[in-house]
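Below: one structure, written as structure tokens.
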Amino acid sequence: MTSYNSIDPATGMQQMMQLHNGEKSWSPFSPSEMQRRQNAMRVHMAKSNIDCAILTSYHCINYYSGFTYCYFGRKYACIIDADNVTTLSAGIDGGQPWRMTHGDNATYTDWRRDNFFNALQEIVGQSPTSGRLRIGVEFDHLNLEYLEQLKETFLNAEFVDIAKPSMWMRTVKSEEEIALITESARIADLGGEACVDAVEAGIGEHEVAIAATNAMIREIANSFPQVELMDTWTWFQSGINTDGAHNPVTNKKIASGDILSLNCFPMMFGYYTALERTLFCDHASDEHLRLWEINCDVHRAGLELIKPGARCCDIARELNHIYREHDLLQYRSFGYGHSFGVLSHYYGREAGVELREDVETVLEPGMVVSMEPMIMIPEGVAGSGGYREHDILVIGENDTTNITHFPFGPENNIIG
């Protein structure tokens with residue numbers, strides 16, 4: 001591996017160093033799995049005559065190196081060329097990025113504002129030929145200022161978008177990824193159980209969320225030799241707060257008869273799964289029950305429609321018919337599901353695999369997708385609130401496997 005240790009001649013202070021502190025951390029992914037991902041990017045680079053890739057997003061850096069960074073106003077990168085993979089991290093992170101990286105790591109200091117770009121320049125170097133350097137970057141992650149800074153750093157370079165090719169590489173999961181996602185779904189179910197145990201009239205939403213999150217964190221800690229316990233969370237909403245799928249937890253008190261929305265999200269090694277369920281505290285009105293049953297019917301139909309060879313857009317259109325028959329289509333909030341893998345509430349999205357009318361992707365073996373129909377009935381209308389169920393399915397060669405086992409529907413989730 002290359003030794004990176006540069007000094008700023010003006011100040012005599014280090015610009016870049018290597019903090020190989022300790023030993024490499026345990027990972028759920030084998031060296032061969034990480035090498036497979038990196039080699040897949042190299043194959044694309046070779047076909048596109050790209051000399052190196054500078055990955056900057058959370059999801060790509062995590063997927064190709066194993067390191068998930070904490071942004072906090074600093075820049076990070078994973079540089080892939082024909083021979084090496086190097087993550088570039090800030091000095092504030094110490095040796096943790098190196099311990100998590102399948103490959104090498106270099107650390108830049110922030111004594112000068114442009115040290116990140118100086119370090120990039122040293123790692124990337126010059127074109128291996130006399131021609132112009134071709135650098136792969138993620139156009140969907142770079143803002144205009146960031147791209148201009150890269151252009152100023154590499155004056156004789158051409159920048160090529162690799163965001164979409166990387167996304168398609170990530171959409172088909174390996175056996176090791178599916179094993180981790182399946183384990184994560186199991187842990188999400190445990191979070192759901194803790195949530196149900198905590199629900200009662202008069203308790204704050206935040207107390208229920210705390211119980212679910214703590215249960216998941218403890219199970220993650222018990223399930224792996226060593227794991228970074230970061231970003232596992234729960235959204236739990238009641239009453240009007242259920243109208244949005246991503247509404248934050250509040251200290252609102254649950255009332256008897258409230259519609260409830262459970263959302264458990266365990267995070268492990270940058271991978272996220274979800275358990276989402278509609279519940280009621282103590283009882284539900286007749287109209288709430290009617291609407292809930294319809295949404296459950298859509299959910300069941302969607303689970304049957306997800307299969308290898310199905311098109312995302314066709315699934316969405318078929319499910320629209322059920323809502324339309326009940327005059328509820330206008331209350332649908334978003335698409336019917338999406339891909340799972342390296343993503344979180346603040347990063348990552350494999351937009352090519354979403355169950356929407358404008359996505360024509362064909363589901364294929366190795367993809368992992370959710371079925372999550374939602375309708376939102378406004379305040380002032382009988383049965384008001386947000387209804388959503390959510391299961392995760394693994395696409396196989398000839399069928400699918402549902403890895404969510406928490407029950408749904410009125411017969412299971414009226415709590416109290």
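Ligands are numbered from 1 in the order shown, chains are lettered A, B, ... in the order of the structure tokens, and residues start at 1 in each chain.
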Show which residues sit within 10 Å of stretch 194-199 of chain A, as a PyMOL selection string. Count only C-alpha atoms, and ignore same-chain residues fewer than 6 positions away.
chain A and resi 188+205+207-216+234+236+254+260+262-264+279-282+413-416
Would you give me, as a tab-separated table, each residue of stretch 215-329 of chain A having an atom within 10 Å of an atom of stretch 353-368 of chain A, along with its shortest atom pair and that distance in Å to one decimal, using only C-alpha atoms and sorting by chain and residue number?
residue	atom	partner	partner_atom	distance
A:Gly302	CA	A:Leu355	CA	10.0
A:Ile306	CA	A:Leu363	CA	7.9
A:Lys307	CA	A:Leu363	CA	6.9
A:Pro308	CA	A:Glu364	CA	5.0
A:Gly309	CA	A:Leu363	CA	5.3
A:Ala310	CA	A:Leu363	CA	5.5
A:Arg311	CA	A:Val362	CA	4.3
A:Cys312	CA	A:Leu355	CA	4.6
A:Cys313	CA	A:Glu357	CA	4.2
A:Asp314	CA	A:Glu357	CA	7.1
A:Ile315	CA	A:Leu355	CA	6.7
A:Ala316	CA	A:Arg356	CA	5.4
A:Arg317	CA	A:Glu357	CA	6.3
A:Glu318	CA	A:Glu357	CA	9.8
A:Asn320	CA	A:Glu357	CA	9.6
Check stretch 173-352 of chain A with DSSP on the backbone and list each residue it calls helix (DSSP H, G or I), as a PyMOL selection string. chain A and resi 175-198+205-223+239-243+286-305+312-325+329-331
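Shortest separation to A:Lys164 among A:Ile135, A:Cys60, A:Val249, A:Ile377 occurs at residue A:Cys60, atoms counted being only C-alpha atoms.
Among the residues of stretch 12-101 of chain A, backbone DSSP assigns strand (DSSP E or B) to Gln14, Gln15, Met16, Met17, Cys52, Ala53, Ile54, Leu55, Ala77, Cys78, Ile79, Ile80, Val85, Thr86, Thr87, Leu88, Ser89 and Ala90 of chain A.
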Limited to all heavy atoms, could you put the picked residues into a file as a short mmCIF file (atom, residue, chain, number, x, y, z; two decimals), in the first residue's frame?
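This is the output file again_17.cif:
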data_model
loop_
_atom_site.label_atom_id
_atom_site.label_comp_id
_atom_site.auth_asym_id
_atom_site.auth_seq_id
_atom_site.Cartn_x
_atom_site.Cartn_y
_atom_site.Cartn_z
N GLN A 14 1.20 18.84 9.01
CA GLN A 14 0.80 17.75 8.14
C GLN A 14 -0.48 18.08 7.39
O GLN A 14 -1.43 18.61 7.97
CB GLN A 14 0.60 16.47 8.96
CG GLN A 14 1.92 15.81 9.37
CD GLN A 14 1.67 14.48 10.04
OE1 GLN A 14 1.08 14.43 11.09
NE2 GLN A 14 2.14 13.40 9.41
N GLN A 15 -0.49 17.72 6.11
CA GLN A 15 -1.70 17.82 5.29
C GLN A 15 -2.41 16.48 5.19
O GLN A 15 -3.63 16.43 5.16
CB GLN A 15 -1.34 18.29 3.88
CG GLN A 15 -0.88 19.74 3.78
CD GLN A 15 -0.52 20.10 2.36
OE1 GLN A 15 0.32 19.44 1.74
NE2 GLN A 15 -1.13 21.13 1.83
N MET A 16 -1.63 15.41 5.14
CA MET A 16 -2.19 14.07 5.00
C MET A 16 -1.29 13.09 5.73
O MET A 16 -0.07 13.25 5.77
CB MET A 16 -2.31 13.69 3.52
CG MET A 16 -2.96 12.34 3.30
SD MET A 16 -3.52 12.02 1.60
CE MET A 16 -2.00 12.19 0.69
N MET A 17 -1.93 12.08 6.32
CA MET A 17 -1.19 11.07 7.08
C MET A 17 -1.97 9.77 7.02
O MET A 17 -3.06 9.69 6.45
CB MET A 17 -1.03 11.52 8.53
CG MET A 17 -2.35 11.59 9.29
SD MET A 17 -2.21 12.35 10.92
CE MET A 17 -2.40 14.08 10.45
N CYS A 52 -10.13 6.36 -12.75
CA CYS A 52 -10.39 6.14 -11.34
C CYS A 52 -11.78 6.66 -11.01
O CYS A 52 -12.34 7.49 -11.74
CB CYS A 52 -9.34 6.79 -10.45
SG CYS A 52 -9.55 8.56 -10.26
N ALA A 53 -12.33 6.15 -9.90
CA ALA A 53 -13.62 6.62 -9.41
C ALA A 53 -13.40 7.33 -8.09
O ALA A 53 -12.66 6.85 -7.23
CB ALA A 53 -14.57 5.45 -9.22
N ILE A 54 -14.03 8.50 -7.94
CA ILE A 54 -14.02 9.21 -6.66
C ILE A 54 -15.47 9.18 -6.16
O ILE A 54 -16.32 9.96 -6.61
CB ILE A 54 -13.52 10.66 -6.81
CG1 ILE A 54 -12.08 10.67 -7.34
CG2 ILE A 54 -13.60 11.38 -5.46
CD1 ILE A 54 -11.54 12.08 -7.57
N LEU A 55 -15.74 8.26 -5.26
CA LEU A 55 -17.09 8.12 -4.69
C LEU A 55 -17.20 9.02 -3.47
O LEU A 55 -16.30 9.07 -2.64
CB LEU A 55 -17.33 6.67 -4.31
CG LEU A 55 -17.15 5.66 -5.45
CD1 LEU A 55 -17.14 4.25 -4.91
CD2 LEU A 55 -18.21 5.84 -6.50
N ALA A 77 -14.29 10.54 0.86
CA ALA A 77 -14.24 9.93 -0.47
C ALA A 77 -13.74 8.50 -0.38
O ALA A 77 -13.07 8.11 0.57
CB ALA A 77 -13.34 10.74 -1.41
N CYS A 78 -14.10 7.73 -1.40
CA CYS A 78 -13.52 6.40 -1.62
C CYS A 78 -12.99 6.41 -3.05
O CYS A 78 -13.76 6.63 -3.99
CB CYS A 78 -14.56 5.31 -1.43
SG CYS A 78 -13.97 3.64 -1.85
N ILE A 79 -11.71 6.21 -3.19
CA ILE A 79 -11.06 6.27 -4.50
C ILE A 79 -10.75 4.85 -4.96
O ILE A 79 -10.06 4.09 -4.26
CB ILE A 79 -9.76 7.11 -4.45
CG1 ILE A 79 -10.07 8.54 -3.99
CG2 ILE A 79 -9.08 7.13 -5.81
CD1 ILE A 79 -9.89 8.78 -2.51
N ILE A 80 -11.28 4.49 -6.12
CA ILE A 80 -11.05 3.17 -6.69
C ILE A 80 -10.32 3.34 -8.02
O ILE A 80 -10.77 4.07 -8.90
CB ILE A 80 -12.37 2.41 -6.93
CG1 ILE A 80 -13.15 2.26 -5.61
CG2 ILE A 80 -12.11 1.05 -7.56
CD1 ILE A 80 -14.50 1.57 -5.78
N VAL A 85 -8.02 0.48 -3.52
CA VAL A 85 -9.18 1.16 -2.97
C VAL A 85 -8.71 1.90 -1.73
O VAL A 85 -8.11 1.30 -0.82
CB VAL A 85 -10.30 0.19 -2.60
CG1 VAL A 85 -11.42 0.91 -1.85
CG2 VAL A 85 -10.85 -0.48 -3.85
N THR A 86 -8.96 3.20 -1.69
CA THR A 86 -8.51 4.03 -0.58
C THR A 86 -9.64 4.94 -0.14
O THR A 86 -10.20 5.68 -0.95
CB THR A 86 -7.30 4.91 -0.97
OG1 THR A 86 -6.27 4.08 -1.50
CG2 THR A 86 -6.77 5.67 0.24
N THR A 87 -10.00 4.89 1.14
CA THR A 87 -10.93 5.88 1.66
C THR A 87 -10.13 7.08 2.16
O THR A 87 -9.02 6.94 2.67
CB THR A 87 -11.79 5.31 2.81
OG1 THR A 87 -10.95 4.72 3.80
CG2 THR A 87 -12.78 4.30 2.29
N LEU A 88 -10.72 8.25 1.99
CA LEU A 88 -10.10 9.51 2.45
C LEU A 88 -11.01 10.11 3.50
O LEU A 88 -12.18 10.41 3.22
CB LEU A 88 -9.92 10.46 1.27
CG LEU A 88 -9.33 11.85 1.60
CD1 LEU A 88 -7.95 11.73 2.24
CD2 LEU A 88 -9.26 12.71 0.33
N SER A 89 -10.49 10.26 4.72
CA SER A 89 -11.31 10.70 5.84
C SER A 89 -10.64 11.84 6.59
O SER A 89 -9.44 12.11 6.41
CB SER A 89 -11.57 9.53 6.80
OG SER A 89 -10.34 8.98 7.26
N ALA A 90 -11.41 12.50 7.44
CA ALA A 90 -10.92 13.65 8.19
C ALA A 90 -10.21 13.19 9.47
O ALA A 90 -10.53 12.15 10.05
CB ALA A 90 -12.07 14.58 8.55
#
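Nearest to A:Ser184 of all the residues A:Leu150, A:Met169, A:Met34, A:Ile220 is A:Ile220, based on only C-alpha atoms.
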Item checked: Surrounding residues of A:Ala82 excluding itself and chain neighbours under 2 positions, 12 Å, only C-alpha atoms, as an MDAnalysis selection string -> chainID A and resid 38:46 49:53 79:80 84:86 124 127:128
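The gap separating atom CA of A:Asn402 from atom CA of A:Arg388 is 17.0 Å, in Å to one decimal.
For A:Ile92, the set of protein, DNA and RNA residues having any atom at most 10 Å away, when counting only C-alpha atoms and skipping those fewer than 4 positions along the same chain, is Arg74, Gln96, Thr107, Tyr108, Thr109 and Asp110 of chain A.
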Next, the residues of the selection above should be written as an mmCIF file, in the first residue's frame with all heavy atoms.
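The new file selection.cif reads:
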data_model
loop_
_atom_site.group_PDB
_atom_site.id
_atom_site.type_symbol
_atom_site.label_atom_id
_atom_site.label_comp_id
_atom_site.auth_asym_id
_atom_site.auth_seq_id
_atom_site.Cartn_x
_atom_site.Cartn_y
_atom_site.Cartn_z
ATOM 1 N N ARG A 74 -17.684 17.938 6.890
ATOM 2 C CA ARG A 74 -16.409 17.583 6.266
ATOM 3 C C ARG A 74 -16.650 16.662 5.069
ATOM 4 O O ARG A 74 -17.666 15.994 4.989
ATOM 5 C CB ARG A 74 -15.488 16.905 7.282
ATOM 6 C CG ARG A 74 -15.051 17.829 8.413
ATOM 7 C CD ARG A 74 -14.237 17.063 9.463
ATOM 8 N NE ARG A 74 -13.668 17.977 10.450
ATOM 9 C CZ ARG A 74 -14.300 18.400 11.543
ATOM 10 N NH1 ARG A 74 -15.544 17.992 11.779
ATOM 11 N NH2 ARG A 74 -13.713 19.211 12.393
ATOM 12 N N GLN A 96 -10.628 4.953 12.980
ATOM 13 C CA GLN A 96 -11.835 4.170 12.727
ATOM 14 C C GLN A 96 -12.115 3.945 11.236
ATOM 15 O O GLN A 96 -12.467 2.828 10.832
ATOM 16 C CB GLN A 96 -13.036 4.825 13.422
ATOM 17 C CG GLN A 96 -14.320 4.028 13.366
ATOM 18 C CD GLN A 96 -15.242 4.466 12.229
ATOM 19 O OE1 GLN A 96 -14.923 5.406 11.491
ATOM 20 N NE2 GLN A 96 -16.360 3.799 12.081
ATOM 21 N N THR A 107 -5.744 9.973 5.783
ATOM 22 C CA THR A 107 -6.396 10.974 6.620
ATOM 23 C C THR A 107 -5.893 12.357 6.232
ATOM 24 O O THR A 107 -4.681 12.572 6.129
ATOM 25 C CB THR A 107 -6.075 10.718 8.105
ATOM 26 O OG1 THR A 107 -6.603 9.443 8.471
ATOM 27 C CG2 THR A 107 -6.685 11.783 8.996
ATOM 28 N N TYR A 108 -6.818 13.285 6.018
ATOM 29 C CA TYR A 108 -6.421 14.664 5.752
ATOM 30 C C TYR A 108 -6.724 15.508 6.987
ATOM 31 O O TYR A 108 -7.640 15.231 7.750
ATOM 32 C CB TYR A 108 -7.122 15.234 4.515
ATOM 33 C CG TYR A 108 -8.593 15.535 4.675
ATOM 34 C CD1 TYR A 108 -9.031 16.816 5.041
ATOM 35 C CD2 TYR A 108 -9.567 14.562 4.469
ATOM 36 C CE1 TYR A 108 -10.380 17.102 5.185
ATOM 37 C CE2 TYR A 108 -10.916 14.838 4.605
ATOM 38 C CZ TYR A 108 -11.317 16.107 4.974
ATOM 39 O OH TYR A 108 -12.653 16.387 5.128
ATOM 40 N N THR A 109 -5.916 16.516 7.180
ATOM 41 C CA THR A 109 -6.123 17.438 8.300
ATOM 42 C C THR A 109 -6.918 18.652 7.824
ATOM 43 O O THR A 109 -6.985 18.937 6.620
ATOM 44 C CB THR A 109 -4.781 17.910 8.871
ATOM 45 O OG1 THR A 109 -4.071 18.639 7.860
ATOM 46 C CG2 THR A 109 -3.925 16.735 9.316
ATOM 47 N N ASP A 110 -7.517 19.365 8.763
ATOM 48 C CA ASP A 110 -8.309 20.536 8.358
ATOM 49 C C ASP A 110 -7.650 21.850 8.766
ATOM 50 O O ASP A 110 -8.320 22.837 9.024
ATOM 51 C CB ASP A 110 -9.743 20.443 8.901
ATOM 52 C CG ASP A 110 -9.786 20.252 10.415
ATOM 53 O OD1 ASP A 110 -8.727 20.345 11.056
ATOM 54 O OD2 ASP A 110 -10.888 20.017 10.943
#
Using only C-alpha atoms, the shortest atom-to-atom distance to A:Glu122 among A:Cys296, A:His288, A:Trp98, A:Thr2 belongs to A:Thr2
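For the choices A:Phe340, A:Tyr347, A:Tyr76, A:Tyr387, the atom-to-atom distance to A:Met374 is smallest for A:Tyr387 when using only C-alpha atoms.
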Judged by only C-alpha atoms, the minimum distance to A:Ile203 among A:Lys252, A:Asp140, A:Gly383, A:Asn247 is found for A:Lys252
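Minimum atom-to-atom distance to A:Trp233, evaluated using only C-alpha atoms, belongs to A:Ser344 out of A:Ser174, A:Asn105, A:Ser344, A:Asn115.
Take atom CA of A:Ala163 and atom CA of A:Tyr271: the distance between them is 18.5 Å.
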- Query: What lies within 10 Å of A:Gly94 using only C-alpha atoms, ignoring chain neighbours under 5 positions off, as a count of residues only?
  - Reply: 7
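For the pair atom CA of A:Asp231 and atom CA of A:Glu33, the separation is 24.0 Å.
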